[in-house]
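Single-structure report; data block below.
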Amino acid sequence: MQRKLIALTSAAAAVALMASACSSSKSDKGATTQPTQGGSVTATNAPALTGAKDNAAGTTLNVWLVSDPKDNAQWMSIINTATDQFKAKTGADIKINWQTWGNHLTNLDAALSGSAADVPDVIEVGNTEAAKYAFNGAFADVSSVKSTFDNNDSWLDGLAAPCTQDGHLYCIPYYAGTRTLIYRTDLLKDAGVTAVPKTWADFTAALDKVKTANASNANFVTYNAPGKNWYQAGSFVYGQGGSFALKGSDGKWKGNLEDPKSIAGLQQWSDLVSKYSTAASHSKDESDEDTLFETGNVFAEYDSAWHAGAVQSVHQNPNDTKSPMLDTKVKGKVDTAPLPGATADKPSPAFLGGSVLGITQKSKNQNLAAEWIQLYTNAASNAAEGALGNLPNNKADLAKAVGPAISQQVADQAASSWFTPVAPNWADVESSNVLQNMLESIATGKATVADAAKTADEKITELLNKS
Amino acid sequence: MAAVMDPVGTLDPPPTRGRRGVKRRRRFESTPYILVIPTILVIVLTLGIPLYKIVVLAFQHQTKRELYTNKPGDWVGFQNFSDVLSDKDFWASVERTFLITVLLVVFSMAFALGLALLLNQVSRWVRTPLMVLLLFVWAIPQIVAVELFAWFTDPSFGVLNYVLTKLGFDGFKTHDWFVDPVQGWIVIMALVIWQALPFLTVTLAAGMSMVPKELGEAARMDGANPFQVFRTVTYPTIKPLLVIATSLSVIWDFQLFGQAYVMRQNKPEPSYQVLGIFSYTEAFGHSDYGLGAAISILTILMMLGMMVFYVRQMLRIGDGD
């Protein structure tokens with residue numbers, strides 16, 4: 001009997017172990033704070049922020065930033081300048097908690113469920129992630145202090161939209177980056193194309209010429225378009241006047257990929273992929289397209305503007321950011337251009353990625369947090385961000401920032417960009433890979449454009465309307 | 001085995017009807033119970049509490065809003081369960097998980113058994129390097145192993161496509177092994193089996209080395225062929241180990257997650273959704289913690305269902321010796 005028990009217990013323990021491994025309890029019940037946004041509150045009666053405004057010596061703000069500035073001395077000096085001014089004005093200090101894009105949301109969800117003492121005061125999230133936090137009670141309503149932020153009337157739409165609902169503001173635009181066409185200047189010239197193509201017809205004609213000119217290279221890829229790169233496909237969907245999802249008059253969201261305009265965009269993307277991309281990229285995302293580009297066998301790719309520099313020189317040791325830089329095979333042969341659209345004056349809109357800063361609903365120092373964000377996103381900070389190549393958070397500063405780090409073309413693209421639907425659950429569509437799965441099934445020929453769009457629409461409608 | 005299983009001391013011979021009345025009542029021994037308390041405490045703290053919380057969560061509506069605002073979840077009865085059970089994606093991943101588990105367990109046990117038999121046949125000069133190699137495989141962290149296999153099979157830079165092309169197989173230059181889920185799963189299963197082999201082989205080989213050589217020789221003298229020797233001499237000896245190794249394999253393979261998830265760039269397509277990935281996406285991807293908890297409980301129940309056979313086997317072994 002004893003042995004029976006041991007055997008039984010060990011089996012049960014093994015099963016229980018597996019159960020706890022695949023799920024972990026995240027419920028934390030205690031305070032019963034009700035979310036304040038939405039419903040009867042209007043922008044005119046937005047709640048005041050909590051906490052002292054000045055004379056806050058001894059207070060330290062807990063600021064969560066993604067680690068991009070950490071090893072960048074220029075960027076750090078922008079943060080330090082703002083923080084020094086903040087200290088002089090309020091007496092309070094900040095402590096930065098560095099996060100990584102890979103897992104910052106998981107950490108954030110865990111921290112936000114805690115008590116006020118552990119919850120960060122200021123949080124950076126990506127603009128496509130912002131709605132999830134802004135409209136679900138994580139971020140404080142900052143409408144009452146909106147007027148204190150520099151250039152708040154000309155914030156980039158792609159950054160301000162996911163922060164705004166029903167006339168209320170829940171986060172503050174920080175900086176942006178835009179995606180652009182990155183191509184080989186030498187290959188274009190060798191193929192006999194003298195001017196950079198401006199219309200879609202000219203562009204595909206140029207791609208044909210480049211493809212023919214390099215037909216002898218068995219490894220050649222004319223336009224590397226990874227199947228899971230939905231930012232690229234979105235430029236065609238929105239460029240044709242379509243969209244991923246729309247909010248109906250009844251307040252319900254609906255997937256909009258079956259709309260004829262969206263279908264036209266998907267078809268345009270599908271043609272590009274099947275004619276000029278490679279089977280090796282059909283099930284991939286954009287993460288290693290630079291590696292392929294650096295081999296010198298690729299004519300064009302579509303990615304954030306900074307990749308144009310990144311493909312030309314790489315660290316000798318990719319794991320050591322302090323190792324010397326080496327030139328790649330394509331050094332000096334790369335340029336950016338707007339992705340052409342139907343007509344020369346209207347390029348396909350670019351996806352605007354970026355970051356926003358939110359103040360947590362649970363923070364006890366909301367006023368101080370707002371003051372630090374004001375200093376870190378003011379005109380001076382924006383100008384310094386622009387010198388780094390980060391797009392300023394507003395159109396006024398963006399126009400001034402055009403220079404060595406930001407070309408006029410990139411600035412123009414940022415001004416005419418597309419953005420993901422501002423639905424509270426949009427992040428769920430991203431984490432379910434709905435768009436990636438749709439595009440991959442089109443690229444690999446497993447589904448027709450119409451069938452894939454229908455499947456994706458059903459899933460999007462279901463996810464966006466889930467309470 | 002007996003000494004390990006029986007910390008109290010040698011067991012009295014099974015009582016018979018005749019002796020029961022005469023037998024002196026044993027004094028209550030408290031020491032073993034005191035000794036076992038720390039273990040039970042650890043189990044209660046690390047397994048019992050999460051398990052209790054999961055059960056509570058499974059009957060609540062807990063999403064990101066409740067999480068961020070500390071609002072207690074509403075009690076929704078069996079809503080989460082009926083949502084899961086009516087989801088066709090759930091049933092697709094259940095089916096896939098069972099199929100993959102069966103294939104993985106059968107193949108990994110078969111390979112391990114074969115390797116262990118081989119190890120017991122070959123000379124020490126072959127056995128030692130083989131064992132060392134197996135231990136190296138064991139020492140590779142899971143994520144590193146996944147990245148290795150992902151690189152082998154990369155369509156642009158992978159060594160597999162390179163070799164196949166060099167060998168003259170056309171059409172493999174940019175072949176993507178994961179477009180066809182059958183091919184993709186073969187790659188993932190090869191990885192899982194490769195990682196499972198060291199433990200299983202070493203365990204079974206150790207068990208086989210305990211088989212008395214004379215027994216095998218005697219059987220052969222009596223004219224038994226190698227298969228008969230295995231069935232009548234080796235198998236009965238290693239049976240307890242086989243049962244334990246198989247049940248562990250079932251547990252490991254049923255909760256397959258990292259290999260498939262990382263191999264597919266953290267964006268697994270529908271054909272690579274197994275239960276572990278499905279529940280992770282539902283719970284943390286969609287921040288629907290109640291639903292995720294319900295899936296976990298259903299997974300536990302399924303595991304228990306699968307384990308019944310092995311638990312019975314273990315109980316029989318317990319009774320046997």
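Each chain in the structure tokens gets a letter, A, B and so on, in the order shown; residues start at 1 in every chain, and ligands are counted from 1 in the order they appear.
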Report task. Please return, as a VMD selection string, all residues of chain B lying within 6 Å of chain A when only C-alpha atoms are considered. Result -> chain B and resid 54 65 67 to 72 155 to 156 174 176 285 to 286 300 314 to 315 318
Written selection (all heavy atoms) as a compact mmCIF listing (two decimals), in the first residue's frame:
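Final output, saved to selection17.txt:
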# COMPACT_ATOMS: atom_id res chain seq x y z
N ILE B 54 -5.21 28.69 -9.79
CA ILE B 54 -5.64 28.42 -11.15
C ILE B 54 -7.10 28.00 -11.17
O ILE B 54 -7.88 28.44 -12.00
CB ILE B 54 -4.75 27.33 -11.80
CG1 ILE B 54 -3.41 27.93 -12.18
CG2 ILE B 54 -5.41 26.76 -13.04
CD1 ILE B 54 -2.46 26.93 -12.78
N ARG B 65 -7.90 44.50 -17.92
CA ARG B 65 -8.53 45.57 -17.16
C ARG B 65 -8.54 45.24 -15.66
O ARG B 65 -8.18 46.07 -14.83
CB ARG B 65 -9.94 45.83 -17.66
CG ARG B 65 -10.70 46.88 -16.87
CD ARG B 65 -11.99 47.26 -17.54
NE ARG B 65 -11.80 48.08 -18.72
CZ ARG B 65 -11.59 49.40 -18.69
NH1 ARG B 65 -11.56 50.03 -17.54
NH2 ARG B 65 -11.40 50.08 -19.78
N LEU B 67 -6.59 43.22 -14.20
CA LEU B 67 -5.20 43.15 -13.74
C LEU B 67 -4.67 44.54 -13.41
O LEU B 67 -4.09 44.78 -12.36
CB LEU B 67 -4.34 42.52 -14.84
CG LEU B 67 -2.87 42.29 -14.52
CD1 LEU B 67 -2.73 41.12 -13.57
CD2 LEU B 67 -2.09 42.02 -15.78
N TYR B 68 -4.88 45.50 -14.31
CA TYR B 68 -4.30 46.84 -14.14
C TYR B 68 -4.99 47.62 -13.02
O TYR B 68 -4.39 48.48 -12.41
CB TYR B 68 -4.39 47.66 -15.43
CG TYR B 68 -3.72 47.02 -16.62
CD1 TYR B 68 -4.12 47.32 -17.91
CD2 TYR B 68 -2.66 46.14 -16.45
CE1 TYR B 68 -3.50 46.74 -19.00
CE2 TYR B 68 -2.05 45.55 -17.53
CZ TYR B 68 -2.47 45.85 -18.81
OH TYR B 68 -1.87 45.28 -19.88
N THR B 69 -6.27 47.38 -12.82
CA THR B 69 -7.01 48.20 -11.88
C THR B 69 -7.25 47.49 -10.55
O THR B 69 -7.92 48.03 -9.68
CB THR B 69 -8.37 48.60 -12.47
OG1 THR B 69 -9.07 47.41 -12.79
CG2 THR B 69 -8.20 49.43 -13.73
N ASN B 70 -6.72 46.26 -10.43
CA ASN B 70 -6.94 45.46 -9.22
C ASN B 70 -8.41 45.24 -8.91
O ASN B 70 -8.81 45.10 -7.77
CB ASN B 70 -6.26 46.10 -7.99
CG ASN B 70 -4.76 45.97 -8.08
OD1 ASN B 70 -4.23 45.71 -9.16
ND2 ASN B 70 -4.08 46.12 -6.98
N LYS B 71 -9.23 45.25 -9.95
CA LYS B 71 -10.65 44.97 -9.76
C LYS B 71 -10.78 43.45 -9.65
O LYS B 71 -10.19 42.73 -10.45
CB LYS B 71 -11.39 45.48 -11.00
CG LYS B 71 -12.87 45.25 -11.01
CD LYS B 71 -13.43 45.91 -12.29
CE LYS B 71 -14.85 45.51 -12.56
NZ LYS B 71 -14.97 44.17 -13.11
N PRO B 72 -11.51 42.96 -8.65
CA PRO B 72 -11.63 41.50 -8.56
C PRO B 72 -12.41 40.97 -9.77
O PRO B 72 -13.32 41.62 -10.26
CB PRO B 72 -12.41 41.28 -7.26
CG PRO B 72 -12.99 42.59 -6.90
CD PRO B 72 -12.26 43.67 -7.63
N PRO B 155 16.20 28.49 -44.64
CA PRO B 155 16.10 28.39 -46.10
C PRO B 155 17.20 29.15 -46.85
O PRO B 155 17.59 28.73 -47.94
CB PRO B 155 14.72 28.99 -46.42
CG PRO B 155 14.22 29.59 -45.17
CD PRO B 155 15.02 29.10 -44.03
N SER B 156 17.72 30.23 -46.29
CA SER B 156 18.75 30.99 -47.01
C SER B 156 20.17 30.57 -46.63
O SER B 156 21.04 30.47 -47.48
CB SER B 156 18.62 32.49 -46.71
OG SER B 156 17.38 32.95 -47.05
N THR B 174 16.49 27.11 -51.89
CA THR B 174 15.80 28.03 -50.98
C THR B 174 14.61 27.33 -50.35
O THR B 174 13.60 27.94 -50.06
CB THR B 174 15.31 29.28 -51.73
OG1 THR B 174 14.51 28.84 -52.83
CG2 THR B 174 16.46 30.12 -52.22
N ASP B 176 12.04 25.94 -47.94
CA ASP B 176 11.61 26.30 -46.59
C ASP B 176 10.97 25.06 -45.94
O ASP B 176 9.92 24.59 -46.38
CB ASP B 176 10.59 27.44 -46.66
CG ASP B 176 10.27 27.99 -45.28
OD1 ASP B 176 10.34 27.22 -44.31
OD2 ASP B 176 9.96 29.18 -45.18
N GLY B 285 -0.91 36.29 -24.36
CA GLY B 285 -1.02 37.08 -25.58
C GLY B 285 -2.28 37.92 -25.56
O GLY B 285 -2.26 39.09 -25.86
N HIS B 286 -3.40 37.30 -25.16
CA HIS B 286 -4.68 38.03 -25.15
C HIS B 286 -5.03 38.55 -23.76
O HIS B 286 -6.11 39.08 -23.57
CB HIS B 286 -5.82 37.12 -25.62
CG HIS B 286 -5.64 36.62 -27.01
ND1 HIS B 286 -6.46 35.69 -27.58
CD2 HIS B 286 -4.72 36.93 -27.94
CE1 HIS B 286 -6.05 35.44 -28.81
NE2 HIS B 286 -4.99 36.17 -29.05
N ILE B 300 -4.59 19.46 -17.52
CA ILE B 300 -4.28 18.55 -16.40
C ILE B 300 -5.17 17.31 -16.49
O ILE B 300 -4.70 16.18 -16.34
CB ILE B 300 -4.53 19.25 -15.04
CG1 ILE B 300 -3.60 20.46 -14.90
CG2 ILE B 300 -4.32 18.27 -13.90
CD1 ILE B 300 -3.89 21.28 -13.68
N MET B 314 2.69 1.51 -12.48
CA MET B 314 3.57 1.79 -11.35
C MET B 314 3.06 1.11 -10.10
O MET B 314 3.83 0.57 -9.31
CB MET B 314 3.64 3.29 -11.11
CG MET B 314 4.58 3.99 -12.05
SD MET B 314 4.94 5.60 -11.38
CE MET B 314 5.18 6.52 -12.84
N LEU B 315 1.74 1.14 -9.92
CA LEU B 315 1.16 0.51 -8.74
C LEU B 315 1.46 -0.99 -8.77
O LEU B 315 1.79 -1.59 -7.76
CB LEU B 315 -0.34 0.75 -8.70
CG LEU B 315 -0.75 2.22 -8.55
CD1 LEU B 315 -2.26 2.34 -8.47
CD2 LEU B 315 -0.12 2.83 -7.30
N GLY B 318 4.88 -1.58 -7.79
CA GLY B 318 4.96 -1.42 -6.35
C GLY B 318 4.52 -2.68 -5.64
O GLY B 318 5.14 -3.11 -4.66
Query raised in the report: Any idea what's packed within 12 Å of A:Gly389, counting only C-alpha atoms, ignoring anything in its chain fewer than 4 positions away? Could you give it as a PyMOL selection string?
Result: chain A and resi 74-75+175-178+304-307+309+382-385+398+401-407+410-411
Query - atom CA of B:Val44 to atom CA of B:Ala293, straight-line distance in Å - result: 18.8 Å
Query raised in the report: Contacts of stretch 294-298 of chain B at 6 Å or less, counting only C-alpha atoms, minus same-chain residues fewer than 3 places along, as a list in words?
Result: Ala58, Phe81, Leu291 and Leu301 of chain B
**Report entry** Spatial neighbours of A:Asp150, max dist 10 Å, only C-alpha atoms, sep filter under 4 positions, as a list in words
**Finding:**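 Final neighbour list, sorted by chain and number: Lys146, Ser154, Trp155, Gln374, Leu375, Thr377, Asn378, Ala379, Ala380, Asn382, Asn393, Asn394 and Asp397 of chain A.
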Query raised in the report: Running DSSP on the backbone, which parts of stretch 164-284 of chain A land in helix (DSSP H, G or I), as a ChimeraX atom specification?
Result: /A:185-190,200-213,230-239,260-276,279-281
Output N, CA and C atoms for every residue in the selection just made, as a compact mmCIF listing (two decimals), in the first residue's frame.
# COMPACT_ATOMS: atom_id res chain seq x y z
N THR A 185 21.95 51.35 -55.05
CA THR A 185 22.08 52.34 -56.12
C THR A 185 22.86 51.79 -57.32
N ASP A 186 23.92 51.00 -57.03
CA ASP A 186 24.76 50.49 -58.12
C ASP A 186 23.99 49.52 -59.02
N LEU A 187 23.16 48.66 -58.41
CA LEU A 187 22.43 47.68 -59.22
C LEU A 187 21.39 48.37 -60.09
N LEU A 188 20.80 49.44 -59.56
CA LEU A 188 19.80 50.18 -60.33
C LEU A 188 20.47 50.79 -61.56
N LYS A 189 21.65 51.38 -61.34
CA LYS A 189 22.38 52.01 -62.44
C LYS A 189 22.83 50.97 -63.47
N ASP A 190 23.36 49.86 -62.96
CA ASP A 190 23.83 48.81 -63.87
C ASP A 190 22.72 48.26 -64.75
N TRP A 200 4.32 53.33 -59.29
CA TRP A 200 4.36 51.88 -59.15
C TRP A 200 4.72 51.21 -60.47
N ALA A 201 4.19 51.76 -61.59
CA ALA A 201 4.47 51.17 -62.90
C ALA A 201 5.96 51.28 -63.22
N ASP A 202 6.55 52.48 -62.97
CA ASP A 202 7.98 52.65 -63.21
C ASP A 202 8.79 51.72 -62.31
N PHE A 203 8.32 51.58 -61.08
CA PHE A 203 9.05 50.79 -60.10
C PHE A 203 9.11 49.32 -60.52
N THR A 204 7.95 48.76 -60.91
CA THR A 204 7.97 47.34 -61.30
C THR A 204 8.77 47.16 -62.59
N ALA A 205 8.74 48.18 -63.47
CA ALA A 205 9.56 48.08 -64.69
C ALA A 205 11.04 48.05 -64.31
N ALA A 206 11.42 48.88 -63.33
CA ALA A 206 12.81 48.90 -62.87
C ALA A 206 13.18 47.56 -62.23
N LEU A 207 12.24 46.99 -61.43
CA LEU A 207 12.51 45.69 -60.80
C LEU A 207 12.74 44.63 -61.87
N ASP A 208 11.94 44.68 -62.95
CA ASP A 208 12.11 43.71 -64.04
C ASP A 208 13.51 43.83 -64.64
N LYS A 209 13.93 45.07 -64.86
CA LYS A 209 15.25 45.28 -65.47
C LYS A 209 16.36 44.76 -64.56
N VAL A 210 16.25 45.07 -63.27
CA VAL A 210 17.28 44.62 -62.32
C VAL A 210 17.29 43.08 -62.28
N LYS A 211 16.10 42.49 -62.29
CA LYS A 211 16.00 41.04 -62.23
C LYS A 211 16.69 40.41 -63.45
N THR A 212 16.41 40.96 -64.63
CA THR A 212 17.01 40.43 -65.86
C THR A 212 18.52 40.61 -65.84
N ALA A 213 18.97 41.79 -65.39
CA ALA A 213 20.40 42.08 -65.41
C ALA A 213 21.18 41.14 -64.49
N TRP A 230 4.18 42.27 -41.94
CA TRP A 230 2.87 42.88 -42.19
C TRP A 230 2.94 44.40 -42.28
N TYR A 231 4.05 44.99 -41.82
CA TYR A 231 4.21 46.44 -41.97
C TYR A 231 4.31 46.80 -43.45
N GLN A 232 5.03 45.92 -44.19
CA GLN A 232 5.18 46.13 -45.62
C GLN A 232 3.82 45.98 -46.31
N ALA A 233 3.13 44.89 -46.02
CA ALA A 233 1.85 44.65 -46.68
C ALA A 233 0.85 45.76 -46.34
N GLY A 234 0.92 46.28 -45.10
CA GLY A 234 0.01 47.34 -44.70
C GLY A 234 0.14 48.58 -45.56
N SER A 235 1.36 48.87 -46.03
CA SER A 235 1.55 50.04 -46.87
C SER A 235 0.75 49.93 -48.16
N PHE A 236 0.59 48.69 -48.67
CA PHE A 236 -0.21 48.50 -49.89
C PHE A 236 -1.70 48.55 -49.57
N VAL A 237 -2.08 47.91 -48.46
CA VAL A 237 -3.50 47.90 -48.07
C VAL A 237 -3.98 49.34 -47.86
N TYR A 238 -3.21 50.11 -47.06
CA TYR A 238 -3.62 51.49 -46.78
C TYR A 238 -3.39 52.38 -48.00
N GLY A 239 -2.36 52.05 -48.80
CA GLY A 239 -2.07 52.82 -50.00
C GLY A 239 -3.20 52.73 -51.02
N PRO A 260 -12.94 45.59 -51.07
CA PRO A 260 -12.24 45.53 -52.37
C PRO A 260 -10.94 46.32 -52.39
N LYS A 261 -10.91 47.45 -51.67
CA LYS A 261 -9.68 48.26 -51.67
C LYS A 261 -8.55 47.53 -50.92
N SER A 262 -8.91 46.91 -49.77
CA SER A 262 -7.89 46.15 -49.04
C SER A 262 -7.41 44.98 -49.87
N ILE A 263 -8.36 44.30 -50.53
CA ILE A 263 -8.00 43.16 -51.38
C ILE A 263 -7.03 43.61 -52.47
N ALA A 264 -7.29 44.79 -53.06
CA ALA A 264 -6.41 45.30 -54.11
C ALA A 264 -5.00 45.49 -53.56
N GLY A 265 -4.90 46.00 -52.32
CA GLY A 265 -3.59 46.18 -51.70
C GLY A 265 -2.90 44.85 -51.45
N LEU A 266 -3.67 43.87 -50.95
CA LEU A 266 -3.09 42.55 -50.69
C LEU A 266 -2.62 41.89 -51.99
N GLN A 267 -3.42 42.11 -53.04
CA GLN A 267 -3.06 41.54 -54.34
C GLN A 267 -1.75 42.16 -54.85
N GLN A 268 -1.63 43.48 -54.66
CA GLN A 268 -0.42 44.18 -55.08
C GLN A 268 0.79 43.62 -54.34
N TRP A 269 0.62 43.40 -53.04
CA TRP A 269 1.70 42.82 -52.23
C TRP A 269 2.02 41.41 -52.71
N SER A 270 0.96 40.63 -52.95
CA SER A 270 1.13 39.24 -53.38
C SER A 270 1.89 39.16 -54.70
N ASP A 271 1.57 40.07 -55.64
CA ASP A 271 2.27 40.09 -56.93
C ASP A 271 3.75 40.41 -56.74
N LEU A 272 4.01 41.39 -55.87
CA LEU A 272 5.40 41.77 -55.59
C LEU A 272 6.17 40.57 -55.05
N VAL A 273 5.55 39.86 -54.09
CA VAL A 273 6.21 38.72 -53.44
C VAL A 273 6.46 37.61 -54.46
N SER A 274 5.43 37.28 -55.26
CA SER A 274 5.60 36.12 -56.13
C SER A 274 6.55 36.42 -57.29
N LYS A 275 6.61 37.67 -57.73
CA LYS A 275 7.49 37.97 -58.86
C LYS A 275 8.93 38.25 -58.45
N TYR A 276 9.12 38.95 -57.34
CA TYR A 276 10.46 39.48 -57.06
C TYR A 276 11.09 38.98 -55.76
N ALA A 279 11.46 32.26 -52.26
CA ALA A 279 10.74 31.26 -51.47
C ALA A 279 11.34 31.14 -50.07
N ALA A 280 12.63 31.49 -49.94
CA ALA A 280 13.28 31.38 -48.64
C ALA A 280 12.71 32.35 -47.62
N SER A 281 11.99 33.37 -48.07
CA SER A 281 11.48 34.38 -47.15
C SER A 281 9.98 34.26 -46.89
Report task. List the neighbours of A:Thr455 out to 12 Å using only C-alpha atoms; skip same-chain residues closer than 4 positions along the sequence, and give me the result as a PyMOL selection string. Result -> (chain A and resi 255-258+434-435+437-439+441-442+447-451+459-462) or (chain B and resi 270)
Report summary line: If you count only C-alpha atoms, the residue of B:Ser209, B:Gln142, B:Thr237, B:Thr232 closest to B:Leu191 turns out to be B:Gln142
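Here atom CA of B:Gln273 is placed at a distance of 5.7 Å from atom CA of B:Ser93.
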Query - Shell of 7 Å around B:Gln259, only C-alpha atoms, local chain residues under 3 positions omitted, as a ChimeraX atom specification - result: /B:146,188,256,262-263
Query raised in the report: Contacts of A:Ser147 at 12 Å or less, counting only C-alpha atoms, minus same-chain residues fewer than 5 places along, as JSON, numbers by chain?
Result: {"A": [142, 152, 153, 154, 169, 172, 370, 374]}
Save the residues we just selected, N, CA, C and O atoms, as a PDB file, in the first residue's frame?
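After the write, result.pdb holds the following:
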ATOM      1  N   VAL A 142      -4.516  62.056 -18.730  1.00  0.00           N
ATOM      2  CA  VAL A 142      -3.663  63.244 -18.601  1.00  0.00           C
ATOM      3  C   VAL A 142      -4.231  64.438 -19.369  1.00  0.00           C
ATOM      4  O   VAL A 142      -3.516  65.400 -19.647  1.00  0.00           O
ATOM      5  N   ASN A 152       1.782  70.309 -28.554  1.00  0.00           N
ATOM      6  CA  ASN A 152       0.795  69.228 -28.443  1.00  0.00           C
ATOM      7  C   ASN A 152      -0.281  69.305 -29.525  1.00  0.00           C
ATOM      8  O   ASN A 152      -1.037  68.354 -29.721  1.00  0.00           O
ATOM      9  N   ASP A 153      -0.335  70.444 -30.235  1.00  0.00           N
ATOM     10  CA  ASP A 153      -1.344  70.550 -31.303  1.00  0.00           C
ATOM     11  C   ASP A 153      -0.852  69.967 -32.627  1.00  0.00           C
ATOM     12  O   ASP A 153      -1.640  69.800 -33.553  1.00  0.00           O
ATOM     13  N   SER A 154       0.446  69.643 -32.714  1.00  0.00           N
ATOM     14  CA  SER A 154       0.919  69.091 -33.991  1.00  0.00           C
ATOM     15  C   SER A 154       1.598  67.730 -33.804  1.00  0.00           C
ATOM     16  O   SER A 154       2.421  67.323 -34.606  1.00  0.00           O
ATOM     17  N   LEU A 169      -6.952  62.083 -23.222  1.00  0.00           N
ATOM     18  CA  LEU A 169      -5.574  61.736 -23.555  1.00  0.00           C
ATOM     19  C   LEU A 169      -4.999  60.850 -22.446  1.00  0.00           C
ATOM     20  O   LEU A 169      -5.078  61.191 -21.269  1.00  0.00           O
ATOM     21  N   ILE A 172       1.579  60.250 -23.846  1.00  0.00           N
ATOM     22  CA  ILE A 172       2.206  61.386 -24.504  1.00  0.00           C
ATOM     23  C   ILE A 172       3.191  60.875 -25.563  1.00  0.00           C
ATOM     24  O   ILE A 172       4.041  60.039 -25.258  1.00  0.00           O
ATOM     25  N   ALA A 370       4.317  63.887 -14.909  1.00  0.00           N
ATOM     26  CA  ALA A 370       3.947  64.740 -16.047  1.00  0.00           C
ATOM     27  C   ALA A 370       5.017  65.807 -16.267  1.00  0.00           C
ATOM     28  O   ALA A 370       5.367  66.123 -17.401  1.00  0.00           O
ATOM     29  N   GLN A 374       7.154  66.396 -19.622  1.00  0.00           N
ATOM     30  CA  GLN A 374       7.166  67.697 -20.312  1.00  0.00           C
ATOM     31  C   GLN A 374       8.588  68.092 -20.686  1.00  0.00           C
ATOM     32  O   GLN A 374       8.851  68.529 -21.804  1.00  0.00           O
TER      33      GLN A 374
END
Requested in this report: Enter the distance from atom CA of A:Phe244 to atom CA of A:Leu159, in Å, rounded to one decimal.
Outcome: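 Answer for the atom CA of A:Phe244 to atom CA of A:Leu159 separation: 17.8 Å.
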